[in-house]
Amino acid sequence: AGIRIRTIRQRGQGLSGSFYADYNQGHAGKGNEGITLNYRTGGLDIFAKTYFQESNSYSTNQTITQMQTSSLWESHSDQKTTGRDNYFNGEIGLNYELNENQSLGVRYAPEQNIGEYQNTALSSTDMYRDGILVDQLESDARNTGKKGLEHAVNAYYTGTFGKWDIDFNADFYQGRNRNEQIVLNNGETDATSTNRIKNRLVAAKLIATTSVWKGNLSFGTEETWTDRRDRFEQDGFSADADDHIKQSVYAAFADYSRSIRHWKLNMGIRYEHQQTDYYEKGIRIDAQSPTYNDIIPVLAASWSHNGKSFSLSYRLRKNNPDYSLLTNSIRYRSKYEYSQGNPLLKTQKTHRFSAGASWNWLYFSAYFSRILNMYTNIIMPYKEDTHPGVLLFATQTIPTTHNYGISFNASPKLGCWEPQLNVNMAFLDMNANKIGITEHRNQPRFYISLDNNFNLPKGWFFNMEGYLSTASRQGFFVTRTEGQINARLSKSFLKETLTITFTANDILRTGYFHFDLYGIDAYMENRIYRDFQRFGLQVSYKFNATKSKYKGTGAGQSEKNRL
């Protein structure tokens, strides 16, 4: 007798990949295309990705501002903004599994604009002083720029040695950006400026995990070094700025988790030393060069049994301001509007307490947050003696803010219909008296959304979602009612390797952003629409589909986000 054995190649071996293309049309068109390829042989993966975007933006804004100085200034503006931004990013790398317990890999991801990006704002403004029309402007503000080739590299190693797991990541990032602005008022050049930015980051993170007292103990270190140069030059409406920020962060952390019958317990702590050196035109500014030593804890407990669950947690979150907010420069928005950075911003810390409970497809949660040094945008008069009628946009911190709310979620399954209802009620108790804003309200804001999934015959899938956010007065902000309805219809072909999707967003064209802002002796009302009503087509195709085996998680992610 003879036995014939035919082996089957493991899924994912050899060449695999995917392709997708997306085009959607509103007032302006947008397109995206992406290709992913992976070649696997044994434990080696070699992969490449590329992504292209052709983006055209459109928005309108109607604004009314009032400002009280020695005179009462009031402006009425209508603005239309269009933009073009085409760019690509890519990724190449490899991943190698030495054996079932060890793997390593490296990934390089470049990104760059295709040509220059452009943004044009056309506006008309009527300016009144004590009720008398004193100026009429037709403005043309143009911003053009070029994002230099950005480089991002990640390398990782993971290994298991007996009861120990080791996870190491190292990252490098470098990028630059150039932006040029020219503003014409009534056909004559009124302001020009150039901004050049260079960023560099190096980060590393090491985590060790082992079993202790029937639980898991993880501990490790993370280090980040950041270097940013921000040079701003202008033609006389404010002053040039040359900012250079160097920052180093050294952190050590530990986390312990354990399961006891139906309970899961977790507690962790992180110590972080942060040193910032701020140089202005080559001179170190001590007041803008803070040092922080912070202890950041987290505590959590959860219980689950027979479809029911309950959880409690406390977490301290630390947020540093984006580097774009730390500039010394004063930027030109229009003849009667400037914006300013704030290099004296402190670190924001949030103490958050939360609780949740669920039963089958019902879920309820509540939270309370105490926010220290919360970042917020404010408006105020600029220099009345030299720039009468000019409104200044600035960033400040509110010493103490409370944020709390409740949420209810229901997600039953009713045949082919899978709805998900979400109802939120949120309070923002933001008292800005200490920074000079006397307006203070604390009304709740309700957010209601309904997401409907329909699994239809012959493989068709239909989704319709809508949300409604109610008007409210919170702190010194007044928000108006907002809402949208979106829909999506899709079907897969060729054994689910080819998927075609039709999309329709903001079907009723209701996605306006309408808000009022009170400031220091100033008030602003805005009504903005950002071309949300769009209809599009998406096509995706995949072959020999497989999941990525790359285990790099990165290091210094919070610093990358700031850049």
# chains A, B, ... in the order shown; residues from 1 in each chain; ligands from 1
>>> residues_around(residues="A:Asn32", least_positions_apart="2", cutoff="10 Å", atoms="only C-alpha atoms", output="list in words")
Tyr20, Ala21, Asp22, Tyr23, Asn24, Lys30, Gly34, Tyr51, Phe52, Gln53, Glu54, Ser55, Asn86, Tyr87, Phe88 and Gln538 of chain A
>>> residues_around(residues="stretch 515-529 of chain A", least_positions_apart="3", cutoff="10 Å", atoms="only C-alpha atoms", output="JSON, numbers by chain")
{"A": [58, 59, 60, 61, 62, 63, 64, 65, 66, 67, 68, 69, 72, 73, 74, 75, 76, 77, 78, 79, 80, 377, 378, 379, 380, 381, 391, 392, 393, 432, 433, 435, 436, 437, 438, 439, 440, 471, 472, 473, 475, 476, 477, 478, 479, 480, 481, 509, 510, 511, 512, 532, 533]}
>>> closest_residue(among="A:Thr194, A:Gly415, A:Tyr128, A:Trp263", to="A:Pro457", atoms="only C-alpha atoms")
A:Gly415
>>> atom_distance(atom1="atom CA of A:Phe446", atom2="atom CA of A:Pro321")
28.3 Å
>>> residues_around(residues="A:Thr276", least_positions_apart="3", cutoff="12 Å", atoms="only C-alpha atoms", output="PyMOL selection string")
chain A and resi 224-228+244-250+273+279+284-293+320+323+326+343-344+346-347
>>> residues_around(residues="A:Leu414", least_positions_apart="3", cutoff="12 Å", atoms="only C-alpha atoms", output="PyMOL selection string")
chain A and resi 361+411+417-420+452-455
>>> residues_around(residues="A:Lys542", least_positions_apart="2", cutoff="6 Å", atoms="only C-alpha atoms", output="PyMOL selection string")
chain A and resi 17-18+497
>>> residues_around(residues="A:Asp85", least_positions_apart="2", cutoff="9 Å", atoms="only C-alpha atoms", output="PyMOL selection string")
chain A and resi 53-57+83+87+113-119
>>> residues_around(residues="stretch 136-151 of chain A", least_positions_apart="5", cutoff="9 Å", atoms="only C-alpha atoms", output="ChimeraX atom specification")
/A:87,89,108-127,172-187,333-335
>>> select_by_dssp(residues="stretch 365-463 of chain A", states="strand (DSSP E or B)", output="PyMOL selection string")
chain A and resi 365-381+391-410+414+417-430+441-442+445-455+460-463
>>> closest_residue(among="A:Gly483, A:Gly90, A:Pro388, A:Gly29", to="A:Tyr447", atoms="only C-alpha atoms")
A:Gly483
>>> closest_residue(among="A:Asn422, A:Asn169, A:Ser257, A:Thr221", to="A:Asn154", atoms="only C-alpha atoms")
A:Asn169
>>> atom_distance(atom1="atom CA of A:Ser558", atom2="atom CA of A:Tyr375")
16.5 Å
>>> closest_residue(among="A:Ala426, A:Met464, A:Met374, A:Leu201", to="A:Ala152", atoms="only C-alpha atoms")
A:Leu201
>>> decode(residues="stretch 208-255 of chain A", atoms="N, CA and C atoms", output="PDB file, in the first residue's frame")
ATOM      1  N   ALA A 208      10.496  44.861  30.948  1.00  0.00           N
ATOM      2  CA  ALA A 208      10.699  43.476  31.381  1.00  0.00           C
ATOM      3  C   ALA A 208       9.447  43.015  32.126  1.00  0.00           C
ATOM      4  N   THR A 209       8.984  41.802  31.841  1.00  0.00           N
ATOM      5  CA  THR A 209       7.769  41.261  32.441  1.00  0.00           C
ATOM      6  C   THR A 209       8.046  39.863  32.980  1.00  0.00           C
ATOM      7  N   THR A 210       7.517  39.592  34.183  1.00  0.00           N
ATOM      8  CA  THR A 210       7.667  38.271  34.789  1.00  0.00           C
ATOM      9  C   THR A 210       6.487  37.993  35.702  1.00  0.00           C
ATOM     10  N   SER A 211       6.372  36.754  36.178  1.00  0.00           N
ATOM     11  CA  SER A 211       5.288  36.347  37.076  1.00  0.00           C
ATOM     12  C   SER A 211       5.723  36.513  38.528  1.00  0.00           C
ATOM     13  N   VAL A 212       4.882  37.185  39.331  1.00  0.00           N
ATOM     14  CA  VAL A 212       5.142  37.403  40.745  1.00  0.00           C
ATOM     15  C   VAL A 212       3.835  37.253  41.512  1.00  0.00           C
ATOM     16  N   TRP A 213       3.801  36.398  42.532  1.00  0.00           N
ATOM     17  CA  TRP A 213       2.615  36.233  43.394  1.00  0.00           C
ATOM     18  C   TRP A 213       1.352  35.985  42.565  1.00  0.00           C
ATOM     19  N   LYS A 214       1.452  35.085  41.606  1.00  0.00           N
ATOM     20  CA  LYS A 214       0.326  34.690  40.764  1.00  0.00           C
ATOM     21  C   LYS A 214      -0.204  35.833  39.897  1.00  0.00           C
ATOM     22  N   GLY A 215       0.612  36.842  39.722  1.00  0.00           N
ATOM     23  CA  GLY A 215       0.255  37.954  38.853  1.00  0.00           C
ATOM     24  C   GLY A 215       1.403  38.276  37.916  1.00  0.00           C
ATOM     25  N   ASN A 216       1.264  39.353  37.156  1.00  0.00           N
ATOM     26  CA  ASN A 216       2.294  39.783  36.212  1.00  0.00           C
ATOM     27  C   ASN A 216       2.877  41.118  36.644  1.00  0.00           C
ATOM     28  N   LEU A 217       4.193  41.174  36.724  1.00  0.00           N
ATOM     29  CA  LEU A 217       4.906  42.390  37.064  1.00  0.00           C
ATOM     30  C   LEU A 217       5.684  42.861  35.850  1.00  0.00           C
ATOM     31  N   SER A 218       5.465  44.115  35.465  1.00  0.00           N
ATOM     32  CA  SER A 218       6.210  44.736  34.371  1.00  0.00           C
ATOM     33  C   SER A 218       6.911  45.978  34.897  1.00  0.00           C
ATOM     34  N   PHE A 219       8.123  46.191  34.458  1.00  0.00           N
ATOM     35  CA  PHE A 219       8.849  47.389  34.844  1.00  0.00           C
ATOM     36  C   PHE A 219       9.849  47.729  33.744  1.00  0.00           C
ATOM     37  N   GLY A 220      10.277  48.998  33.740  1.00  0.00           N
ATOM     38  CA  GLY A 220      11.217  49.383  32.705  1.00  0.00           C
ATOM     39  C   GLY A 220      11.546  50.856  32.742  1.00  0.00           C
ATOM     40  N   THR A 221      12.152  51.322  31.664  1.00  0.00           N
ATOM     41  CA  THR A 221      12.570  52.720  31.542  1.00  0.00           C
ATOM     42  C   THR A 221      12.225  53.230  30.147  1.00  0.00           C
ATOM     43  N   GLU A 222      12.081  54.548  30.053  1.00  0.00           N
ATOM     44  CA  GLU A 222      11.862  55.200  28.766  1.00  0.00           C
ATOM     45  C   GLU A 222      12.612  56.528  28.772  1.00  0.00           C
ATOM     46  N   GLU A 223      13.337  56.787  27.692  1.00  0.00           N
ATOM     47  CA  GLU A 223      14.111  58.018  27.571  1.00  0.00           C
ATOM     48  C   GLU A 223      13.779  58.686  26.236  1.00  0.00           C
ATOM     49  N   THR A 224      13.694  60.013  26.267  1.00  0.00           N
ATOM     50  CA  THR A 224      13.386  60.775  25.064  1.00  0.00           C
ATOM     51  C   THR A 224      14.249  62.033  25.029  1.00  0.00           C
ATOM     52  N   TRP A 225      14.821  62.311  23.864  1.00  0.00           N
ATOM     53  CA  TRP A 225      15.596  63.536  23.659  1.00  0.00           C
ATOM     54  C   TRP A 225      15.030  64.248  22.438  1.00  0.00           C
ATOM     55  N   THR A 226      14.654  65.517  22.611  1.00  0.00           N
ATOM     56  CA  THR A 226      14.006  66.287  21.557  1.00  0.00           C
ATOM     57  C   THR A 226      14.769  67.579  21.295  1.00  0.00           C
ATOM     58  N   ASP A 227      14.882  67.955  20.023  1.00  0.00           N
ATOM     59  CA  ASP A 227      15.523  69.200  19.621  1.00  0.00           C
ATOM     60  C   ASP A 227      14.643  69.862  18.564  1.00  0.00           C
ATOM     61  N   ARG A 228      14.207  71.115  18.838  1.00  0.00           N
ATOM     62  CA  ARG A 228      13.325  71.823  17.904  1.00  0.00           C
ATOM     63  C   ARG A 228      13.820  73.249  17.703  1.00  0.00           C
ATOM     64  N   ARG A 229      13.916  73.647  16.445  1.00  0.00           N
ATOM     65  CA  ARG A 229      14.264  75.020  16.087  1.00  0.00           C
ATOM     66  C   ARG A 229      13.091  75.631  15.318  1.00  0.00           C
ATOM     67  N   ASP A 230      12.688  76.830  15.753  1.00  0.00           N
ATOM     68  CA  ASP A 230      11.540  77.512  15.165  1.00  0.00           C
ATOM     69  C   ASP A 230      11.940  78.960  14.884  1.00  0.00           C
ATOM     70  N   ARG A 231      12.128  79.278  13.609  1.00  0.00           N
ATOM     71  CA  ARG A 231      12.559  80.624  13.219  1.00  0.00           C
ATOM     72  C   ARG A 231      11.428  81.320  12.471  1.00  0.00           C
ATOM     73  N   PHE A 232      11.105  82.541  12.935  1.00  0.00           N
ATOM     74  CA  PHE A 232      10.006  83.312  12.365  1.00  0.00           C
ATOM     75  C   PHE A 232      10.522  84.689  11.986  1.00  0.00           C
ATOM     76  N   GLU A 233      10.310  85.066  10.714  1.00  0.00           N
ATOM     77  CA  GLU A 233      10.738  86.367  10.221  1.00  0.00           C
ATOM     78  C   GLU A 233       9.545  87.066   9.584  1.00  0.00           C
ATOM     79  N   GLN A 234       9.418  88.388   9.829  1.00  0.00           N
ATOM     80  CA  GLN A 234       8.273  89.147   9.328  1.00  0.00           C
ATOM     81  C   GLN A 234       8.736  90.529   8.873  1.00  0.00           C
ATOM     82  N   ASP A 235       7.800  91.284   8.261  1.00  0.00           N
ATOM     83  CA  ASP A 235       8.192  92.542   7.616  1.00  0.00           C
ATOM     84  C   ASP A 235       7.896  93.778   8.440  1.00  0.00           C
ATOM     85  N   GLY A 236       7.617  93.610   9.763  1.00  0.00           N
ATOM     86  CA  GLY A 236       7.462  94.787  10.595  1.00  0.00           C
ATOM     87  C   GLY A 236       6.177  94.888  11.378  1.00  0.00           C
ATOM     88  N   PHE A 237       5.233  93.958  11.190  1.00  0.00           N
ATOM     89  CA  PHE A 237       3.980  94.062  11.934  1.00  0.00           C
ATOM     90  C   PHE A 237       4.140  93.598  13.387  1.00  0.00           C
ATOM     91  N   SER A 238       5.204  92.799  13.689  1.00  0.00           N
ATOM     92  CA  SER A 238       5.471  92.408  15.085  1.00  0.00           C
ATOM     93  C   SER A 238       6.985  92.367  15.280  1.00  0.00           C
ATOM     94  N   ALA A 239       7.537  91.208  15.583  1.00  0.00           N
ATOM     95  CA  ALA A 239       8.984  91.082  15.778  1.00  0.00           C
ATOM     96  C   ALA A 239       9.414  89.688  15.354  1.00  0.00           C
ATOM     97  N   ASP A 240      10.665  89.569  14.895  1.00  0.00           N
ATOM     98  CA  ASP A 240      11.207  88.260  14.535  1.00  0.00           C
ATOM     99  C   ASP A 240      11.385  87.409  15.798  1.00  0.00           C
ATOM    100  N   ALA A 241      11.397  86.087  15.608  1.00  0.00           N
ATOM    101  CA  ALA A 241      11.618  85.167  16.730  1.00  0.00           C
ATOM    102  C   ALA A 241      12.512  84.034  16.266  1.00  0.00           C
ATOM    103  N   ASP A 242      13.411  83.632  17.142  1.00  0.00           N
ATOM    104  CA  ASP A 242      14.316  82.505  16.881  1.00  0.00           C
ATOM    105  C   ASP A 242      14.335  81.646  18.135  1.00  0.00           C
ATOM    106  N   ASP A 243      13.493  80.626  18.166  1.00  0.00           N
ATOM    107  CA  ASP A 243      13.327  79.775  19.347  1.00  0.00           C
ATOM    108  C   ASP A 243      14.018  78.434  19.128  1.00  0.00           C
ATOM    109  N   HIS A 244      14.723  78.001  20.162  1.00  0.00           N
ATOM    110  CA  HIS A 244      15.403  76.706  20.125  1.00  0.00           C
ATOM    111  C   HIS A 244      15.105  75.993  21.440  1.00  0.00           C
ATOM    112  N   ILE A 245      14.431  74.836  21.343  1.00  0.00           N
ATOM    113  CA  ILE A 245      14.032  74.088  22.532  1.00  0.00           C
ATOM    114  C   ILE A 245      14.735  72.741  22.530  1.00  0.00           C
ATOM    115  N   LYS A 246      15.408  72.465  23.642  1.00  0.00           N
ATOM    116  CA  LYS A 246      15.988  71.143  23.878  1.00  0.00           C
ATOM    117  C   LYS A 246      15.300  70.535  25.101  1.00  0.00           C
ATOM    118  N   GLN A 247      14.860  69.311  24.961  1.00  0.00           N
ATOM    119  CA  GLN A 247      14.184  68.671  26.087  1.00  0.00           C
ATOM    120  C   GLN A 247      14.635  67.222  26.235  1.00  0.00           C
ATOM    121  N   SER A 248      14.835  66.804  27.478  1.00  0.00           N
ATOM    122  CA  SER A 248      15.165  65.413  27.790  1.00  0.00           C
ATOM    123  C   SER A 248      14.196  64.914  28.854  1.00  0.00           C
ATOM    124  N   VAL A 249      13.737  63.690  28.672  1.00  0.00           N
ATOM    125  CA  VAL A 249      12.821  63.050  29.609  1.00  0.00           C
ATOM    126  C   VAL A 249      13.379  61.685  29.967  1.00  0.00           C
ATOM    127  N   TYR A 250      13.502  61.419  31.275  1.00  0.00           N
ATOM    128  CA  TYR A 250      13.941  60.124  31.785  1.00  0.00           C
ATOM    129  C   TYR A 250      12.853  59.581  32.688  1.00  0.00           C
ATOM    130  N   ALA A 251      12.383  58.384  32.397  1.00  0.00           N
ATOM    131  CA  ALA A 251      11.261  57.817  33.155  1.00  0.00           C
ATOM    132  C   ALA A 251      11.570  56.378  33.561  1.00  0.00           C
ATOM    133  N   ALA A 252      11.063  56.014  34.743  1.00  0.00           N
ATOM    134  CA  ALA A 252      11.098  54.629  35.219  1.00  0.00           C
ATOM    135  C   ALA A 252       9.681  54.278  35.662  1.00  0.00           C
ATOM    136  N   PHE A 253       9.234  53.070  35.371  1.00  0.00           N
ATOM    137  CA  PHE A 253       7.850  52.717  35.658  1.00  0.00           C
ATOM    138  C   PHE A 253       7.747  51.248  36.051  1.00  0.00           C
ATOM    139  N   ALA A 254       6.640  50.933  36.725  1.00  0.00           N
ATOM    140  CA  ALA A 254       6.344  49.555  37.121  1.00  0.00           C
ATOM    141  C   ALA A 254       4.834  49.378  37.118  1.00  0.00           C
ATOM    142  N   ASP A 255       4.391  48.170  36.780  1.00  0.00           N
ATOM    143  CA  ASP A 255       2.966  47.866  36.712  1.00  0.00           C
ATOM    144  C   ASP A 255       2.765  46.428  37.192  1.00  0.00           C
TER     145      ASP A 255
END
